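Asker: One structure follows; several queries about it will come next.
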Amino acid sequence: MADPKGFLTTPREDWPRRPVEERVRDWREVAVPGALLPIIGGQAARCMDCGVPFCHEACPLGNLIPEWNELVARDDWRRASDRLHATNNFPEFTGRLCPAPCEAGCVLAINQPAVTIKNVECAIADRAWEEGYTAPRPPERLSGRTVAVIGSGPAGLAAAQQLTRAGHTVAVYERDDRIGGLLRYGIPEFKMEKRHLDRRIKQMRAEGTRFRPATAVGRDIDAGELRSRYDAVVIATGATAWRELEVPGRELAGVHQAMEYLPLANRVREGDLEASPLSAAGRHVVIVGGGDTGADCLGTAVREGAASVTQLDIYAQPGTARDEEGEPWPTYPRVYRLSAAHEEARDLRSAPAADADARLFAASTLRLTGDAAGHVRSLHLTGVDARRRPLPGTERTLPADLVLLALGFSGPDRADGLADQLGVELEPRGTIARDAGFATNVPGVFAAGDAARGQSLIVWAIAEGRAVAAAVDAHLTGVPSPLPAPIGPYDRPMTV
Ligand SMILES: Cc1cc2nc3c(=O)[nH]c(=O)nc-3n(C[C@H](O)[C@H](O)[C@H](O)COP(=O)(O)OP(=O)(O)OC[C@H]3O[C@@H](n4cnc5c(N)ncnc54)[C@H](O)[C@@H]3O)c2cc1C
Ligand code: SF4
């Protein structure tokens, strides 16, 4: 413990965000550049180095949080970087994007604001890049064994990096034209600038990982043929099959899935398009779905210059404090959280219909209506009770000429035919079935990430990628793998 009185003398201080008026006029990350380093030593020193660190348990990667908190507090960035990278291939991704279940599990959070663990992680990762601690680590010798990883999201990338460093020859197949999965064409630039992703891909290339973008396995290459060309295959194709809104008017023009809308905004940032064909500029936007994907649509629509943006959440508004009975520490509680996008919508009064930020809680869509040309113009909704039953007298109509559906994802997209060509078995809910060793029913074929776990988080995807790499390594070498396996396929988040 760097400072035995740390949390007694230093209050929690978060990485400040840039002013709303400034940041909605660009697409850069919302945090103030350079403002983290001056405060982070004191913040890391708030850690009590608990005998049983629940933060460490709450992180699927098993990040060695008290260790690197102490190293940062002592200004030993080199060793902090080594300890962080010992458990996490891409800490600058989680340091920006993780919802930080570790902070919900921090012992300090029992009666104090938690340690800013995610900010410490991000500071170490960024400093590591600045100081050159992230040099490529190519293997000393090659095993002569080959692996095809299908899908280049965080699960596929983590698996590929672990297996390449272990000496196997790895090729990553990706159906999109660029590598990165949802980190590339999903998560907006203002949450994580793509330069962080590009830098890691460059590091991986230098280590020997090969990338095959614009190649859909099942469509462009037969999956069975791919299997026969490699000693092992890892399916990490994500869970991109979206859920539908089954209400009258769904077929109207101007009603789109979030994952039709967000990638186009990403492509504008990449320079592929002058403007998004689905741009929210000047339009009344309603986002159906209260989760993070909806919040990403919200921040994007605000930056595109929407006339108004409202987000509908079917759940009632949660309280601001943890329900100690229902969701006790150290579980991850459902509380009211004001994301950067919600803060922007609140301050700019983007949703005249909503009271606080852009959200209408306990709201369910009844139908969509349009104009004579078949374009959506209004969304009709009702308030609902806790069992989602409509409450009489609460119907209202919102102007809507762009409706974005952010209702979650049911499992992997089967249109490419990959699963059928390989003959892998699926779970009843559509995810890829696997055993306790991440292996599917087809010999030599493994599955990881959202494709097998179902819709989840980046930290879980990286943990899955690391764990599947250990399983594949053991399969290829015939002996237990020295690679770390932070989770098993049936581990789940600490929730009630
Ligand atoms: C809009 C959005 C925002 C999110 N924001 C966050 C966040 O802030 N924090 C967080 O923790 N989580 C977030 N998530 C969830 C997180 O992004 C996912 O859990 C994570 O990316 C899953 O990783 P993955 O590697 O399993 O799959 P993915 O990232 O989905 O990658 C799978 C890849 O496989 C490719 N693929 C699919 N089929 C084939 C095929 N046949 N051949 C070749 N390639 C194929 C796909 O094109 C894709 O690139 C968000 C999700 C969405 C949709
Ligand atoms: S990856 Fe997520 S859960 Fe793990 S230490 Fe970082 S912020 Fe916390």
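Ordering of the structure tokens sets the chain letters (A, B, ...); residue numbers start at 1 within each chain; ligands are numbered from 1 in the order shown.
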Counting only C-alpha atoms and all ligand atoms, name the residues that have an atom within 7 Å of an atom of ligand 2; the answer should be given as JSON, numbers by chain.
Answerer: {"A": [58, 59, 60, 61, 62, 63, 65, 91, 94, 95, 98, 99, 100, 101, 102, 103, 117, 118, 121, 459]}
Asker: Please tabulate, as CSV, the residues of range 61-117 of chain A that come within 9 Å of range 42-48 of chain A, each with its closest pair of atoms and the distance in Å to one decimal, counting only C-alpha atoms and ordering rows by chain, then residue number upward.
Answerer:
```
residue,atom,partner,partner_atom,distance
A:Ile65,CA,A:Cys47,CA,9.0
A:Pro66,CA,A:Cys47,CA,6.6
A:Trp68,CA,A:Ala44,CA,8.3
A:Asn69,CA,A:Ala44,CA,4.7
A:Glu70,CA,A:Ala45,CA,6.5
A:Leu71,CA,A:Ala44,CA,8.6
A:Val72,CA,A:Ala44,CA,6.4
A:Ala73,CA,A:Ala45,CA,5.2
A:Arg74,CA,A:Ala45,CA,8.5
A:Cys106,CA,A:Cys47,CA,8.9
A:Val107,CA,A:Met48,CA,8.5
A:Leu108,CA,A:Met48,CA,8.0
A:Ala114,CA,A:Cys47,CA,8.7
A:Val115,CA,A:Cys47,CA,6.2
A:Thr116,CA,A:Gln43,CA,6.6
A:Ile117,CA,A:Ala44,CA,7.6
```
Asker: Name the residues in contact with Val234 in chain A at a cut-off of 7 Å, using only C-alpha atoms, excluding same-chain residues fewer than 3 positions from it; report them as JSON, numbers by chain.
Answerer: {"A": [148, 149, 150, 445, 446, 447]}
Asker: Include N, CA and C atoms and write out the residues we just selected as a PDB file, in the first residue's frame.
Answerer:
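File produced: again_32.pdb:
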```
ATOM      1  N   ALA A 148      -6.547 -20.639 -37.771  1.00  0.00           N
ATOM      2  CA  ALA A 148      -7.389 -19.604 -38.390  1.00  0.00           C
ATOM      3  C   ALA A 148      -8.338 -19.083 -37.323  1.00  0.00           C
ATOM      4  N   VAL A 149      -8.324 -17.756 -37.129  1.00  0.00           N
ATOM      5  CA  VAL A 149      -9.279 -17.114 -36.219  1.00  0.00           C
ATOM      6  C   VAL A 149     -10.304 -16.413 -37.108  1.00  0.00           C
ATOM      7  N   ILE A 150     -11.574 -16.711 -36.905  1.00  0.00           N
ATOM      8  CA  ILE A 150     -12.615 -16.091 -37.739  1.00  0.00           C
ATOM      9  C   ILE A 150     -13.295 -15.002 -36.920  1.00  0.00           C
ATOM     10  N   VAL A 445     -12.117 -27.364 -33.775  1.00  0.00           N
ATOM     11  CA  VAL A 445     -12.832 -26.081 -33.937  1.00  0.00           C
ATOM     12  C   VAL A 445     -13.291 -25.602 -32.560  1.00  0.00           C
ATOM     13  N   PHE A 446     -12.900 -24.386 -32.214  1.00  0.00           N
ATOM     14  CA  PHE A 446     -13.194 -23.793 -30.906  1.00  0.00           C
ATOM     15  C   PHE A 446     -14.061 -22.545 -31.111  1.00  0.00           C
ATOM     16  N   ALA A 447     -14.698 -22.087 -30.038  1.00  0.00           N
ATOM     17  CA  ALA A 447     -15.550 -20.890 -30.160  1.00  0.00           C
ATOM     18  C   ALA A 447     -15.339 -19.989 -28.954  1.00  0.00           C
TER      19      ALA A 447
END
```
Asker: As a quick test: using only C-alpha atoms and all ligand atoms, which residues lie no more than 7 Å away from ligand 1? Give them as number ranges by chain.
Answerer: A: 94, 97-99, 150-156, 173-176, 179-183, 186-187, 215-218, 236-240, 259, 262, 292-293, 296, 413, 416, 418, 448-451, 455-459, 461
Asker: Go through range 157-243 of chain A residue by residue and, counting only C-alpha atoms, keep those with an atom at most 12 Å from range 323-342 of chain A; for each kept residue give the shortest atom pair and its distance in Å to one decimal, ordered by chain and increasing number, as CSV.
Answerer:
```
residue,atom,partner,partner_atom,distance
A:Pro188,CA,A:Ala341,CA,11.0
A:Phe190,CA,A:Ala340,CA,9.4
A:Lys191,CA,A:Ala340,CA,8.8
```
Asker: Got a sec to tell me which of range 323-359 of chain A DSSP assigns to alpha helix (DSSP H), as a PyMOL selection string?
Answerer: chain A and resi 340-347
Asker: If you run DSSP over the backbone, which residues in range 101-183 of chain A end up strand (DSSP E)? Put them as an NGL selection string.
Answerer: :A and (146-150 or 169-173)
Asker: Hey, which bits of range 381-489 of chain A sit within 12 Å of range 245-252 of chain A, and for each residue what's the closest pair of atoms and how far apart in Å (one decimal), counting only C-alpha atoms, rows by chain and increasing number, as JSON lines?
Answerer:
```
{"residue": "A:Leu381", "atom": "CA", "partner": "A:Val247", "partner_atom": "CA", "distance": 10.8}
{"residue": "A:Ala400", "atom": "CA", "partner": "A:Leu252", "partner_atom": "CA", "distance": 11.5}
{"residue": "A:Asp401", "atom": "CA", "partner": "A:Leu252", "partner_atom": "CA", "distance": 10.0}
{"residue": "A:Leu402", "atom": "CA", "partner": "A:Leu252", "partner_atom": "CA", "distance": 10.1}
{"residue": "A:Val403", "atom": "CA", "partner": "A:Arg250", "partner_atom": "CA", "distance": 9.4}
{"residue": "A:Leu404", "atom": "CA", "partner": "A:Leu245", "partner_atom": "CA", "distance": 10.1}
{"residue": "A:Leu405", "atom": "CA", "partner": "A:Leu245", "partner_atom": "CA", "distance": 7.2}
{"residue": "A:Ala406", "atom": "CA", "partner": "A:Leu245", "partner_atom": "CA", "distance": 9.2}
{"residue": "A:Leu407", "atom": "CA", "partner": "A:Leu245", "partner_atom": "CA", "distance": 7.7}
{"residue": "A:Gly408", "atom": "CA", "partner": "A:Leu245", "partner_atom": "CA", "distance": 10.6}
```
Asker: Extract, using only C-alpha atoms, all DNA, RNA and protein residues at most 10 Å from Ala232 in chain A, discarding same-chain residues fewer than 6 positions from it, and format them as an mmCIF file with N, CA and C atoms, in the first residue's frame.
Answerer:
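part_12.cif written:
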```cif
data_model
loop_
_atom_site.group_PDB
_atom_site.id
_atom_site.type_symbol
_atom_site.label_atom_id
_atom_site.label_comp_id
_atom_site.auth_asym_id
_atom_site.auth_seq_id
_atom_site.Cartn_x
_atom_site.Cartn_y
_atom_site.Cartn_z
ATOM 1 N N ARG A 145 2.695 -25.017 -36.262
ATOM 2 C CA ARG A 145 1.251 -25.281 -36.275
ATOM 3 C C ARG A 145 0.512 -24.020 -36.698
ATOM 4 N N THR A 146 -0.645 -24.198 -37.342
ATOM 5 C CA THR A 146 -1.373 -23.055 -37.897
ATOM 6 C C THR A 146 -2.780 -22.949 -37.299
ATOM 7 N N VAL A 147 -3.245 -21.708 -37.156
ATOM 8 C CA VAL A 147 -4.581 -21.455 -36.592
ATOM 9 C C VAL A 147 -5.274 -20.391 -37.439
ATOM 10 N N ALA A 148 -6.547 -20.639 -37.771
ATOM 11 C CA ALA A 148 -7.389 -19.604 -38.390
ATOM 12 C C ALA A 148 -8.338 -19.083 -37.323
ATOM 13 N N VAL A 149 -8.324 -17.756 -37.129
ATOM 14 C CA VAL A 149 -9.279 -17.114 -36.219
ATOM 15 C C VAL A 149 -10.304 -16.413 -37.108
ATOM 16 N N VAL A 170 -0.736 -17.631 -37.127
ATOM 17 C CA VAL A 170 -2.161 -17.299 -36.988
ATOM 18 C C VAL A 170 -2.600 -16.355 -38.099
ATOM 19 N N LEU A 226 -11.489 -24.214 -45.132
ATOM 20 C CA LEU A 226 -10.627 -23.486 -44.189
ATOM 21 C C LEU A 226 -10.181 -24.427 -43.071
ATOM 22 N N PRO A 443 -14.025 -31.579 -34.236
ATOM 23 C CA PRO A 443 -12.653 -31.633 -33.743
ATOM 24 C C PRO A 443 -11.791 -30.492 -34.300
ATOM 25 N N GLY A 444 -11.038 -29.855 -33.405
ATOM 26 C CA GLY A 444 -10.131 -28.779 -33.818
ATOM 27 C C GLY A 444 -10.808 -27.434 -34.005
ATOM 28 N N VAL A 445 -12.117 -27.364 -33.775
ATOM 29 C CA VAL A 445 -12.832 -26.081 -33.937
ATOM 30 C C VAL A 445 -13.291 -25.602 -32.560
ATOM 31 N N PHE A 446 -12.900 -24.386 -32.214
ATOM 32 C CA PHE A 446 -13.194 -23.793 -30.906
ATOM 33 C C PHE A 446 -14.061 -22.545 -31.111
ATOM 34 N N VAL A 472 -6.597 -23.866 -27.247
ATOM 35 C CA VAL A 472 -6.088 -24.218 -28.581
ATOM 36 C C VAL A 472 -4.612 -24.620 -28.487
ATOM 37 N N ASP A 473 -3.860 -23.896 -27.692
ATOM 38 C CA ASP A 473 -2.430 -24.212 -27.522
ATOM 39 C C ASP A 473 -2.267 -25.632 -26.976
ATOM 40 N N HIS A 475 -4.365 -28.081 -27.291
ATOM 41 C CA HIS A 475 -4.790 -28.983 -28.363
ATOM 42 C C HIS A 475 -3.659 -29.187 -29.381
ATOM 43 N N LEU A 476 -2.943 -28.097 -29.703
ATOM 44 C CA LEU A 476 -1.900 -28.173 -30.736
ATOM 45 C C LEU A 476 -0.627 -28.845 -30.234
#
```
Asker: Can you list, as a PyMOL selection string, every protein, DNA or RNA residue that comes within 9 Å of Arg28 in chain A when you count only C-alpha atoms, leaving out same-chain residues fewer than 2 positions away?
Answerer: chain A and resi 23-24+26+30-31+189-193
Asker: Neighbours of range 343-350 of chain A within 9 Å (only C-alpha atoms; same-chain residues fewer than 3 positions away dropped), as a ChimeraX atom specification?
Answerer: /A:20-21,23-24,298-299,302,306-310,338-340,353-358
Asker: Could you please take those selected residues and save C-alpha atoms as a PDB file, in the first residue's frame?
Answerer:
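What landed in out-v1.pdb:
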```pdb
ATOM      1  CA  VAL A  20     -20.393  19.710 -23.774  1.00  0.00           C
ATOM      2  CA  GLU A  21     -20.604  22.676 -26.173  1.00  0.00           C
ATOM      3  CA  ARG A  23     -17.093  18.212 -27.611  1.00  0.00           C
ATOM      4  CA  VAL A  24     -20.336  17.827 -29.584  1.00  0.00           C
ATOM      5  CA  LEU A 298     -27.714   9.263 -29.058  1.00  0.00           C
ATOM      6  CA  GLY A 299     -24.174  10.719 -28.989  1.00  0.00           C
ATOM      7  CA  VAL A 302     -26.369  14.818 -31.399  1.00  0.00           C
ATOM      8  CA  ALA A 306     -30.414  16.123 -35.064  1.00  0.00           C
ATOM      9  CA  ALA A 307     -33.405  18.430 -34.526  1.00  0.00           C
ATOM     10  CA  SER A 308     -34.292  16.367 -31.427  1.00  0.00           C
ATOM     11  CA  VAL A 309     -33.282  13.008 -29.967  1.00  0.00           C
ATOM     12  CA  THR A 310     -35.274  10.916 -27.480  1.00  0.00           C
ATOM     13  CA  LEU A 338     -25.325   9.493 -16.777  1.00  0.00           C
ATOM     14  CA  SER A 339     -23.122   8.538 -19.722  1.00  0.00           C
ATOM     15  CA  ALA A 340     -21.293  11.256 -21.637  1.00  0.00           C
ATOM     16  CA  ALA A 353     -40.226  15.410 -24.354  1.00  0.00           C
ATOM     17  CA  ALA A 354     -37.938  14.090 -21.608  1.00  0.00           C
ATOM     18  CA  ASP A 355     -37.536  15.629 -18.147  1.00  0.00           C
ATOM     19  CA  ALA A 356     -33.883  15.106 -17.247  1.00  0.00           C
ATOM     20  CA  ASP A 357     -31.639  13.660 -19.938  1.00  0.00           C
ATOM     21  CA  ALA A 358     -32.870  12.331 -23.300  1.00  0.00           C
TER      22      ALA A 358
END
```
Asker: Go through A:Ile462, A:Thr382, A:Trp242, A:Arg377 and flag the residue nearest Gly411 in chain A, using only C-alpha atoms for the distances.
Answerer: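 Going through A:Ile462, A:Thr382, A:Trp242, A:Arg377 one by one, the smallest distance to Gly411 in chain A is for A:Trp242.
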Asker: Looking at A:Pro390, A:Pro19, A:Gly51, A:Pro412, which one is nearest to Ile235 in chain A, with distances taken over only C-alpha atoms?
Answerer: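 Smallest distance to Ile235 in chain A is found for A:Pro412.
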Asker: Report the distance between CA of Pro489 in chain A and CA of Glu225 in chain A in Å, rounded to one decimal place.
Answerer: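 CA of Glu225 in chain A lies 27.0 Å from CA of Pro489 in chain A.
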